[in-house]
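The data block below is protein_12.cif; it holds mmCIF, C-alpha atoms.
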```cif
data_protein
#
loop_
_atom_site.label_atom_id
_atom_site.label_comp_id
_atom_site.auth_asym_id
_atom_site.auth_seq_id
_atom_site.Cartn_x
_atom_site.Cartn_y
_atom_site.Cartn_z
CA MET E 99 0.00 0.00 0.00
CA ASN E 100 1.27 3.43 -0.83
CA LYS E 101 2.05 5.88 1.90
CA LEU E 102 -0.87 7.85 3.21
CA SER E 103 -1.09 11.45 2.23
CA PRO E 104 -0.03 13.71 5.11
CA ALA E 105 -2.58 16.22 3.87
CA ILE E 106 -5.35 13.70 4.36
CA LEU E 107 -4.00 12.64 7.72
CA SER E 108 -3.77 16.18 8.97
CA ALA E 109 -7.31 16.85 7.83
CA VAL E 110 -8.66 14.33 10.29
CA VAL E 111 -9.67 15.85 13.57
CA LEU E 112 -8.67 13.64 16.43
CA LEU E 113 -10.33 14.42 19.70
CA PRO E 114 -9.23 12.76 22.91
CA ALA E 115 -10.98 9.45 23.28
CA CYS E 116 -12.03 7.76 26.48
CA ALA E 117 -9.51 8.25 29.20
CA PRO E 118 -9.64 8.05 32.95
CA SER E 119 -10.76 11.30 34.49
CA HIS E 120 -8.67 12.77 37.26
CA ALA E 121 -11.50 14.74 38.81
CA PRO E 122 -12.36 13.77 42.38
CA ASN E 123 -15.04 11.26 43.13
CA ALA E 124 -17.78 13.72 43.93
CA GLN E 125 -21.44 14.39 43.65
CA ASN E 126 -22.38 16.51 40.68
CA SER E 127 -24.96 19.23 40.42
CA ALA E 128 -27.77 16.82 39.57
CA GLY E 129 -27.13 14.96 42.80
CA PHE E 130 -25.60 11.73 41.59
CA CYS E 131 -22.12 10.39 42.15
CA THR E 132 -19.56 9.50 39.53
CA PRO E 133 -17.14 7.02 41.17
CA GLU E 134 -13.75 7.51 39.65
CA GLU E 135 -13.09 3.81 39.18
CA PHE E 136 -16.02 3.53 36.78
CA ARG E 137 -15.73 6.86 35.07
CA VAL E 138 -15.26 7.14 31.34
CA ALA E 139 -14.45 10.66 30.24
CA TYR E 140 -15.92 11.90 27.03
CA THR E 141 -14.56 15.15 25.74
CA SER E 142 -16.88 16.94 23.43
CA SER E 143 -17.44 20.46 22.37
CA LYS E 144 -20.74 21.92 23.41
CA GLY E 145 -22.92 23.67 20.93
CA THR E 146 -22.36 23.34 17.23
CA PRO E 147 -20.66 20.06 16.34
CA VAL E 148 -17.53 19.94 14.18
CA ASP E 149 -19.58 18.40 11.42
CA GLY E 150 -22.77 20.34 10.89
CA ASN E 151 -24.54 17.27 9.59
CA PHE E 152 -24.91 15.96 13.15
CA ASP E 153 -27.52 17.14 15.59
CA ILE E 154 -26.83 19.67 18.31
CA ASP E 155 -26.31 17.94 21.62
CA ASP E 156 -28.84 19.01 24.25
CA ASN E 157 -27.77 16.61 27.00
CA PRO E 158 -26.24 18.59 29.87
CA PHE E 159 -24.45 15.55 31.33
CA ASP E 160 -21.02 14.66 30.00
CA VAL E 161 -20.30 11.89 32.49
CA ARG E 162 -20.46 8.22 31.55
CA LEU E 163 -19.80 5.25 33.82
CA MET E 164 -18.71 1.75 32.85
CA ILE E 165 -19.28 -0.99 35.42
CA PRO E 166 -17.32 -4.03 34.24
CA ALA E 167 -19.29 -7.20 33.48
CA GLU E 168 -17.29 -9.24 35.99
CA TYR E 169 -18.08 -6.75 38.75
CA VAL E 170 -21.80 -6.82 37.93
CA ALA E 171 -21.80 -10.63 37.95
CA LYS E 172 -20.06 -10.60 41.32
CA VAL E 173 -22.65 -8.29 42.87
CA VAL E 174 -25.75 -9.53 41.06
CA SER E 175 -26.26 -13.25 41.54
CA GLY E 176 -27.23 -14.94 38.29
CA TYR E 177 -26.09 -12.11 36.04
CA GLN E 178 -24.27 -13.44 32.98
CA PRO E 179 -21.09 -11.44 32.30
CA THR E 180 -21.06 -12.64 28.69
CA VAL E 181 -23.90 -13.60 26.38
CA LYS E 182 -23.57 -15.42 23.07
CA VAL E 183 -25.03 -13.45 20.16
CA ARG E 184 -24.56 -15.03 16.75
CA THR E 185 -20.99 -16.34 16.92
CA SER E 186 -19.63 -13.98 19.57
CA GLU E 187 -19.53 -14.04 23.35
CA LEU E 188 -20.41 -10.42 24.11
CA ARG E 189 -19.38 -8.75 27.34
CA GLN E 190 -22.29 -7.41 29.33
CA SER E 191 -20.72 -4.49 31.14
CA LEU E 192 -23.04 -1.70 32.20
CA TYR E 193 -22.42 1.51 30.32
CA LEU E 194 -24.36 4.18 32.17
CA THR E 195 -25.45 7.33 30.40
CA PHE E 196 -27.24 10.23 32.02
CA ASP E 197 -29.72 12.66 30.60
CA VAL E 198 -32.50 14.97 31.61
CA VAL E 199 -35.79 13.15 32.13
CA ARG E 200 -37.35 12.59 28.74
CA SER E 201 -40.84 11.21 28.57
CA SER E 202 -43.04 10.04 25.77
CA LYS E 203 -46.69 9.15 25.87
CA LEU E 204 -47.33 5.75 27.43
CA ALA E 205 -49.16 3.42 25.10
CA THR E 206 -52.30 1.87 26.50
CA GLU E 207 -53.35 -0.22 23.50
CA ASN E 208 -51.88 -3.50 22.35
CA VAL E 209 -50.29 -4.12 25.73
CA LEU E 210 -49.24 -7.75 26.00
CA GLU E 211 -48.27 -10.02 28.86
CA VAL E 212 -44.62 -11.10 28.98
CA PRO E 213 -44.60 -14.65 30.35
CA GLU E 214 -40.87 -14.65 31.06
CA HIS E 215 -40.99 -11.36 32.97
CA ALA E 216 -44.07 -11.14 35.16
CA SER E 217 -43.55 -7.50 36.12
CA LEU E 218 -43.26 -6.29 32.53
CA ARG E 219 -45.80 -5.64 29.77
CA LYS E 220 -44.94 -5.40 26.11
CA VAL E 221 -46.12 -2.61 23.84
CA GLU E 222 -45.63 -3.36 20.17
CA THR E 223 -44.62 -0.78 17.58
CA ASP E 224 -44.87 -0.63 13.80
CA SER E 225 -41.72 -2.74 13.65
CA PRO E 226 -41.79 -6.44 14.52
CA TYR E 227 -38.20 -6.06 15.75
CA TYR E 228 -38.68 -3.17 18.15
CA TRP E 229 -40.95 -2.72 21.15
CA HIS E 230 -41.34 -1.09 24.55
CA PHE E 231 -41.69 -2.61 27.98
CA LEU E 232 -43.88 -1.16 30.69
CA GLU E 233 -43.38 -2.00 34.33
CA ASP E 234 -46.01 -2.54 36.99
CA PHE E 235 -44.53 -1.09 40.14
CA ASP E 236 -46.41 -0.28 43.37
CA GLY E 237 -49.72 -0.40 41.54
CA GLU E 238 -48.51 2.05 38.94
CA THR E 239 -47.54 1.42 35.32
CA LYS E 240 -44.35 3.11 34.19
CA SER E 241 -42.17 3.03 31.12
CA TRP E 242 -39.38 0.49 31.61
CA GLY E 243 -37.39 0.79 28.41
CA SER E 244 -37.11 -0.17 24.75
CA CYS E 245 -35.93 -3.39 23.15
CA TYR E 246 -34.88 -4.73 19.78
CA ASP E 247 -34.30 -8.14 18.29
CA ASN E 248 -30.56 -8.54 17.77
CA HIS E 249 -31.17 -11.25 15.15
CA GLY E 250 -28.67 -13.36 17.00
CA GLY E 251 -30.96 -15.44 19.18
CA SER E 252 -32.00 -12.90 21.78
CA TYR E 253 -32.99 -9.28 22.26
CA ASP E 254 -31.35 -6.30 23.91
CA CYS E 255 -32.99 -3.48 25.78
CA THR E 256 -32.25 0.02 26.89
CA ARG E 257 -33.35 0.21 30.50
CA VAL E 258 -34.19 3.77 31.55
CA LEU E 259 -34.33 4.56 35.26
CA LYS E 260 -35.97 7.90 35.94
CA ARG E 261 -35.19 9.98 39.01
CA ASP E 262 -36.36 13.46 39.91
CA ASP E 263 -33.75 15.51 38.08
CA PHE E 264 -32.19 13.06 35.68
CA GLN E 265 -32.49 9.65 34.09
CA VAL E 266 -29.85 6.96 33.83
CA SER E 267 -29.83 4.34 31.07
CA TYR E 268 -28.02 1.10 30.43
CA MET E 269 -28.17 -1.74 27.92
CA ILE E 270 -29.22 -5.19 29.10
CA ASN E 271 -29.57 -8.46 27.21
CA GLN E 272 -32.69 -10.63 27.44
CA LYS E 273 -30.76 -13.26 29.42
CA ASN E 274 -30.07 -10.77 32.19
CA ILE E 275 -33.49 -9.12 32.34
CA PRO E 276 -34.66 -11.55 35.09
CA PHE E 277 -32.12 -9.78 37.31
CA TYR E 278 -32.91 -6.22 36.29
CA GLN E 279 -34.20 -5.19 39.71
CA LYS E 280 -30.88 -6.15 41.28
CA VAL E 281 -29.05 -4.43 38.44
CA ASP E 282 -31.14 -1.32 39.05
CA LYS E 283 -30.12 -1.45 42.70
CA LEU E 284 -26.45 -1.77 41.78
CA VAL E 285 -26.77 1.21 39.46
CA LEU E 286 -28.55 3.34 42.05
CA ASP E 287 -26.16 2.27 44.82
CA THR E 288 -23.25 3.22 42.56
CA ILE E 289 -24.51 6.67 41.77
CA THR E 290 -25.49 7.41 45.36
CA ALA E 291 -22.32 6.00 46.93
CA CYS E 292 -20.90 9.42 47.75
CA GLN E 293 -23.99 10.72 49.50
CA MET R 235 -41.57 18.12 3.20
CA GLU R 236 -40.05 17.43 6.60
CA ARG R 237 -36.96 15.26 6.58
CA SER R 238 -37.74 11.85 8.07
CA LEU R 239 -34.95 9.92 9.72
CA GLN R 240 -37.14 7.15 11.07
CA ILE R 241 -35.94 3.58 10.74
CA SER R 242 -37.93 2.16 7.85
CA PRO R 243 -39.29 -1.37 7.39
CA LYS R 244 -36.76 -1.79 4.59
CA GLU R 245 -33.93 -0.94 6.99
CA ASP R 246 -35.39 -3.33 9.57
CA ILE R 247 -35.35 -6.14 7.02
CA ALA R 248 -31.80 -5.30 5.94
CA LEU R 249 -30.65 -5.63 9.55
CA ALA R 250 -32.54 -8.89 9.95
CA GLN R 251 -30.77 -10.16 6.83
CA LYS R 252 -27.42 -8.83 8.06
CA ASP R 253 -27.21 -6.75 4.89
CA LEU R 254 -25.20 -3.76 6.08
CA GLU R 255 -24.69 -2.31 2.60
CA THR R 256 -28.44 -2.02 2.01
CA PHE R 257 -29.05 -0.69 5.53
CA TRP R 258 -26.47 2.06 5.27
CA TYR R 259 -27.37 2.92 1.67
CA SER R 260 -30.94 3.49 2.79
CA ARG R 261 -29.70 5.70 5.63
CA LEU R 262 -27.50 7.51 3.12
CA GLN R 263 -30.58 8.43 1.11
CA LYS R 264 -31.94 10.14 4.24
CA LYS R 265 -28.70 12.03 4.77
CA ASP R 266 -28.02 10.32 8.06
CA PRO R 267 -24.43 11.52 8.72
CA VAL R 268 -23.33 8.21 10.23
CA ALA R 269 -24.26 6.48 6.99
CA ARG R 270 -21.37 8.08 5.13
CA ILE R 271 -18.81 5.98 6.95
CA GLY R 272 -21.20 3.05 7.42
CA TYR R 273 -21.75 2.81 3.69
CA ALA R 274 -18.09 3.44 2.92
CA ILE R 275 -17.13 0.49 5.09
CA TRP R 276 -19.75 -1.98 3.95
CA VAL R 277 -20.23 -1.15 0.29
CA SER R 278 -19.25 -4.21 -1.75
CA ASP R 279 -17.91 -2.18 -4.68
CA PRO R 280 -16.03 1.04 -3.86
CA GLU R 281 -17.16 2.44 -7.22
CA ARG R 282 -20.66 2.68 -5.77
CA LEU R 283 -19.28 4.83 -2.98
CA ARG R 284 -17.51 7.01 -5.50
CA THR R 285 -20.76 7.42 -7.45
CA ALA R 286 -22.72 8.22 -4.30
CA ILE R 287 -20.24 10.94 -3.42
CA ILE R 288 -20.02 12.43 -6.91
CA THR R 289 -23.79 12.52 -7.37
CA GLY R 290 -24.57 13.44 -3.76
CA ASP R 291 -24.90 16.70 -1.88
CA PRO R 292 -21.35 18.07 -1.33
CA GLU R 293 -22.50 19.60 1.96
CA TYR R 294 -23.59 16.20 3.22
CA TRP R 295 -20.24 14.72 2.22
CA SER R 296 -18.51 17.62 4.02
CA HIS R 297 -16.92 18.63 0.69
CA ARG R 298 -14.61 15.64 1.00
CA PRO R 299 -13.68 13.51 -2.01
CA PHE R 300 -13.89 9.76 -2.41
CA ALA R 301 -10.27 9.34 -1.28
CA TYR R 302 -11.10 10.84 2.11
CA TRP R 303 -14.08 8.59 2.80
CA ASP R 304 -12.25 5.59 1.44
CA LEU R 305 -9.40 6.31 3.84
CA MET R 306 -11.85 6.74 6.73
CA ALA R 307 -13.38 3.37 5.96
CA ARG R 308 -10.01 1.66 5.73
CA SER R 309 -8.86 3.35 8.93
CA THR R 310 -11.93 2.18 10.78
CA VAL R 311 -11.56 -1.42 9.66
CA VAL R 312 -7.86 -1.45 10.53
CA ASN R 313 -8.62 0.16 13.86
CA LEU R 314 -11.16 -2.53 14.64
CA ALA R 315 -8.69 -5.27 13.76
CA VAL R 316 -6.04 -3.69 15.97
CA GLY R 317 -8.60 -3.15 18.73
CA LEU R 318 -9.64 -6.80 18.59
CA ASP R 319 -5.99 -7.74 18.80
CA LYS R 320 -5.47 -5.49 21.84
CA GLY R 321 -8.53 -7.05 23.45
CA GLY R 322 -7.00 -10.50 23.17
CA TYR R 323 -8.78 -11.77 20.08
CA ILE R 324 -6.80 -14.22 17.97
CA GLY R 325 -8.15 -15.24 14.58
CA THR R 326 -7.30 -15.99 11.01
CA PHE R 327 -7.92 -13.49 8.24
CA ALA R 328 -11.36 -14.94 7.59
CA GLU R 329 -12.22 -15.11 11.30
CA THR R 330 -11.12 -11.53 11.90
CA SER R 331 -13.09 -10.40 8.87
CA ALA R 332 -16.17 -12.21 10.18
CA LYS R 333 -15.67 -10.69 13.63
CA ILE R 334 -15.51 -7.20 12.15
CA LYS R 335 -18.80 -7.93 10.38
CA GLU R 336 -20.25 -8.89 13.78
CA ILE R 337 -19.12 -5.57 15.20
CA GLY R 338 -20.62 -3.84 12.18
CA LEU R 339 -23.94 -5.54 12.83
CA ALA R 340 -23.89 -4.56 16.50
CA VAL R 341 -23.09 -0.96 15.63
CA ALA R 342 -25.86 -0.82 13.01
CA GLN R 343 -28.38 -2.27 15.45
CA PHE R 344 -27.36 0.22 18.13
CA HIS R 345 -27.63 2.97 15.57
CA ALA R 346 -31.18 1.91 14.77
CA LEU R 347 -32.07 1.75 18.46
CA TYR R 348 -30.57 5.14 19.27
CA THR R 349 -32.23 6.67 16.22
CA ARG R 350 -35.62 5.32 17.26
CA ASN R 351 -35.17 6.57 20.80
CA ASP R 352 -34.03 9.96 19.53
CA TYR R 353 -37.04 10.14 17.25
CA GLU R 354 -39.53 9.16 19.92
CA LYS R 355 -38.10 11.35 22.67
CA LYS R 356 -37.28 14.25 20.36
CA VAL R 357 -33.72 14.50 21.61
CA GLY R 358 -31.74 17.45 20.27
CA GLN R 359 -33.07 19.64 17.50
CA VAL R 360 -33.91 17.15 14.77
CA PRO R 361 -35.85 13.99 15.68
CA GLY R 362 -33.91 10.93 14.58
CA LEU R 363 -30.68 12.80 13.95
CA LEU R 364 -27.96 11.81 16.40
CA SER R 365 -25.29 14.00 17.96
CA LEU R 366 -21.63 13.10 18.01
CA LYS R 367 -22.00 12.25 21.69
CA GLN R 368 -24.85 9.80 21.05
CA MET R 369 -22.81 8.19 18.31
CA ALA R 370 -19.81 7.88 20.62
CA ASP R 371 -21.97 6.27 23.29
CA TYR R 372 -23.21 3.39 21.23
CA HIS R 373 -19.80 2.82 19.70
CA HIS R 374 -18.37 2.56 23.21
CA VAL R 375 -21.01 -0.01 24.15
CA ALA R 376 -20.37 -2.06 21.02
CA PHE R 377 -16.60 -1.91 21.47
CA GLU R 378 -16.88 -2.99 25.09
CA GLN R 379 -19.01 -5.96 24.08
CA PHE R 380 -16.15 -7.14 21.87
CA ASN R 381 -13.52 -6.27 24.47
CA ILE R 382 -12.07 -3.52 22.30
CA PRO R 383 -10.57 -0.75 24.44
CA PRO R 384 -12.80 2.33 24.26
CA SER R 385 -9.81 4.43 23.21
CA PHE R 386 -10.11 2.78 19.81
CA TYR R 387 -13.12 4.94 19.23
CA GLY R 388 -11.58 8.31 18.55
CA GLY R 389 -14.41 10.48 19.75
CA THR R 390 -15.16 12.00 16.42
CA TRP R 391 -14.26 10.61 13.05
CA PHE R 392 -14.59 6.95 13.70
CA GLY R 393 -11.27 6.20 15.28
CA ALA R 394 -7.73 7.35 15.18
CA ILE R 395 -5.67 6.88 12.07
CA PRO R 396 -3.75 3.64 12.44
CA GLU R 397 -0.03 3.48 11.95
CA GLN R 398 1.44 2.41 8.63
CA LEU R 399 2.50 -0.93 10.10
CA GLN R 400 -1.06 -1.59 11.19
CA PHE R 401 -2.31 -0.63 7.75
CA ASP R 402 0.17 -3.04 6.20
CA THR R 403 -0.97 -5.77 8.54
CA TYR R 404 -4.72 -5.30 8.44
CA GLY R 405 -5.48 -3.02 5.50
CA HIS R 406 -6.63 -5.87 3.30
CA LEU R 407 -9.56 -6.50 5.65
CA TYR R 408 -11.31 -3.53 4.07
CA CYS R 409 -12.31 -5.75 1.19
CA HIS R 410 -15.19 -7.55 2.87
CA ASP R 411 -16.37 -9.54 -0.09
CA CYS R 412 -12.92 -10.79 -0.98
CA ASP R 413 -12.06 -14.34 -0.08
CA SER R 414 -8.35 -13.85 0.29
CA ALA R 415 -5.93 -11.37 1.76
CA GLU R 416 -4.96 -10.29 -1.73
CA GLY R 417 -8.29 -8.61 -2.50
CA TYR R 418 -8.67 -4.88 -2.63
CA THR R 419 -5.87 -3.05 -4.35
CA GLY R 420 -6.86 0.48 -3.43
CA LYS R 421 -8.51 2.41 -6.19
CA ALA R 422 -7.86 5.67 -4.42
CA GLN R 423 -4.14 5.11 -4.14
#
```
This entry written out as structure tokens:
Amino acid sequence: MNKLSPAILSAVVLLPACAPSHAPNAQNSAGFCTPEEFRVAYTSSKGTPVDGNFDIDDNPFDVRLMIPAEYVAKVVSGYQPTVKVRTSELRQSLYLTFDVVRSSKLATENVLEVPEHASLRKVETDSPYYWHFLEDFDGETKSWGSCYDNHGGSYDCTRVLKRDDFQVSYMINQKNIPFYQKVDKLVLDTITACQ
Amino acid sequence: MERSLQISPKEDIALAQKDLETFWYSRLQKKDPVARIGYAIWVSDPERLRTAIITGDPEYWSHRPFAYWDLMARSTVVNLAVGLDKGGYIGTFAETSAKIKEIGLAVAQFHALYTRNDYEKKVGQVPGLLSLKQMADYHHVAFEQFNIPPSFYGGTWFGAIPEQLQFDTYGHLYCHDCDSAEGYTGKAQ
């Protein structure tokens, strides 16, 4: 292969990627903690993105946390640290993202029972490969998250936990959904550890 | 007419069939910015990419020529191969190529999920259009699933430029439909 053109190389903007943050382990303004051992720094420029084709970011939270799969499995009994999808054993670490609370209208039609998860109800969408789960909790029905068929023998979901001033989300595979309440507790314990 | 970035039934079917070229080409038609590199990576004939760029909106292609996007695609594939290597993966050429396709499928599925969520929750200014931060997030999740260090996602343009040695070692993986390491000869070079 010929040498790469320095002009092309220099045209590529390289921002710092994920790197450990050196900020103290403290509570942020929204009231949740960001333990340093799980922190993944993401450096981004606020406002107009470098490439104007992308949307403007309106999420005020820059912090992301990564709880390693092995740690989750150690704390949450039964949690599978890897799940086979197609031909790959995929690590099931928890990547926590934070955002302001975003709500959409709860569907009340076409709500189906979910035999494998008694506390959840399924709301179908126009796509056969994408749906929402509702959760019955303390006599109230709340949005639980959204799921998609990974076409590899299972489905994956985005679990969204809503608090007063923010929401925290993580991905979870079908095989680990039976343990979601314990995972929720781990997540909430983690982000309240400094309080 | 308002621009619609919703995931279409056609895109759903393409994902179900693991047809990344069709998926990203459909997204390209909607001017989804992520589709530029997605299509550049998974297009089976680079001439189709060249045609898409020449006949497309220069603004959408950031006024960059075919050589730029071709390089970005190659860089990304090489980066993934190096990242897999750093994460402990050992495989033959064919196995590594297949593993990169698996990563590509995961990324495309995450893209569809994030796009749907963005559309439904009206995140940002344009429903269904992702920010660089959203794109970084799902790449990080996908990379972690395959034990690729998150630093292999560069934070903006789809990964850092690999070193020449890495290009020499893994550059041939760009040719996804080739059945040997001899494949793609680099039409942009």
Original post:
Distance CA of Phe327 (chain R)-CA of Ala342 (chain R), one decimal place?
Top reply: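 Rounded to one decimal, the two atoms are 22.5 Å apart.
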Determine the residue set returned by the PyMOL selection byres ((chain R) within 6 of (chain E)) for the present structure, and present it as an mmCIF file with C-alpha atoms, in the frame of the given file.
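Final file, expr-v3.cif:
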```cif
data_model
loop_
_atom_site.group_PDB
_atom_site.id
_atom_site.type_symbol
_atom_site.label_atom_id
_atom_site.label_comp_id
_atom_site.auth_asym_id
_atom_site.auth_seq_id
_atom_site.Cartn_x
_atom_site.Cartn_y
_atom_site.Cartn_z
ATOM 1 C CA ALA R 250 -32.540 -8.890 9.950
ATOM 2 C CA PRO R 267 -24.430 11.520 8.720
ATOM 3 C CA LYS R 355 -38.100 11.350 22.670
ATOM 4 C CA GLY R 358 -31.740 17.450 20.270
ATOM 5 C CA LEU R 363 -30.680 12.800 13.950
ATOM 6 C CA LEU R 364 -27.960 11.810 16.400
ATOM 7 C CA SER R 365 -25.290 14.000 17.960
ATOM 8 C CA GLN R 379 -19.010 -5.960 24.080
ATOM 9 C CA PHE R 380 -16.150 -7.140 21.870
ATOM 10 C CA PRO R 384 -12.800 2.330 24.260
ATOM 11 C CA SER R 385 -9.810 4.430 23.210
ATOM 12 C CA GLY R 388 -11.580 8.310 18.550
ATOM 13 C CA GLY R 389 -14.410 10.480 19.750
#
```
Hey, what comes out of the PyMOL selection byres ((chain R and resi 351) around 10) on this file? Could you write it as JSON, numbers by chain? {"E": [202, 243, 244, 256], "R": [240, 345, 346, 347, 348, 349, 350, 352, 353, 354, 355, 356, 357, 361, 362, 364]}
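Computed from the coordinates, the CA of Phe257 (chain R) to CA of Glu245 (chain R) distance equals 5.1 Å.
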- Might you spell out which residues the PyMOL selection byres ((chain E and resi 281-285) around 8) would select in the displayed file, as a PyMOL selection string? chain E and resi 170+173-174+259+277-280+286-289
Create the file for the chosen residues now, containing C-alpha atoms and written as a PDB file, in the coordinates of the input.
```pdb
ATOM      1  CA  VAL E 170     -21.800  -6.820  37.930  1.00  0.00           C
ATOM      2  CA  VAL E 173     -22.650  -8.290  42.870  1.00  0.00           C
ATOM      3  CA  VAL E 174     -25.750  -9.530  41.060  1.00  0.00           C
ATOM      4  CA  LEU E 259     -34.330   4.560  35.260  1.00  0.00           C
ATOM      5  CA  PHE E 277     -32.120  -9.780  37.310  1.00  0.00           C
ATOM      6  CA  TYR E 278     -32.910  -6.220  36.290  1.00  0.00           C
ATOM      7  CA  GLN E 279     -34.200  -5.190  39.710  1.00  0.00           C
ATOM      8  CA  LYS E 280     -30.880  -6.150  41.280  1.00  0.00           C
ATOM      9  CA  LEU E 286     -28.550   3.340  42.050  1.00  0.00           C
ATOM     10  CA  ASP E 287     -26.160   2.270  44.820  1.00  0.00           C
ATOM     11  CA  THR E 288     -23.250   3.220  42.560  1.00  0.00           C
ATOM     12  CA  ILE E 289     -24.510   6.670  41.770  1.00  0.00           C
TER      13      ILE E 289
END
```
Residues near Val316 (chain R), cut-off 10 Å, only C-alpha atoms, skip fewer than 5 positions along chain, as a VMD selection string:
chain R and resid 310 to 311 321 to 323 382 386 396 400 to 401 403 to 404
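Distances to Val266 (chain E) were evaluated for E:Glu207, E:Glu222, E:Asp234, E:Asp197 using all atoms listed in the file, and the minimum falls at E:Asp197.
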Taking only C-alpha atoms into account, which of R:Leu249, R:His373, R:Ile271, R:Tyr302 comes nearest Val341 (chain R)?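 Selected residue with least distance to Val341 (chain R): R:His373.
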- Task: Have a look at CA of Ser217 (chain E) and CA of Phe231 (chain E) and let me know their distance in Å, one decimal.
- Result: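 Straight-line distance from CA of Ser217 (chain E) to CA of Phe231 (chain E) works out to 9.7 Å.
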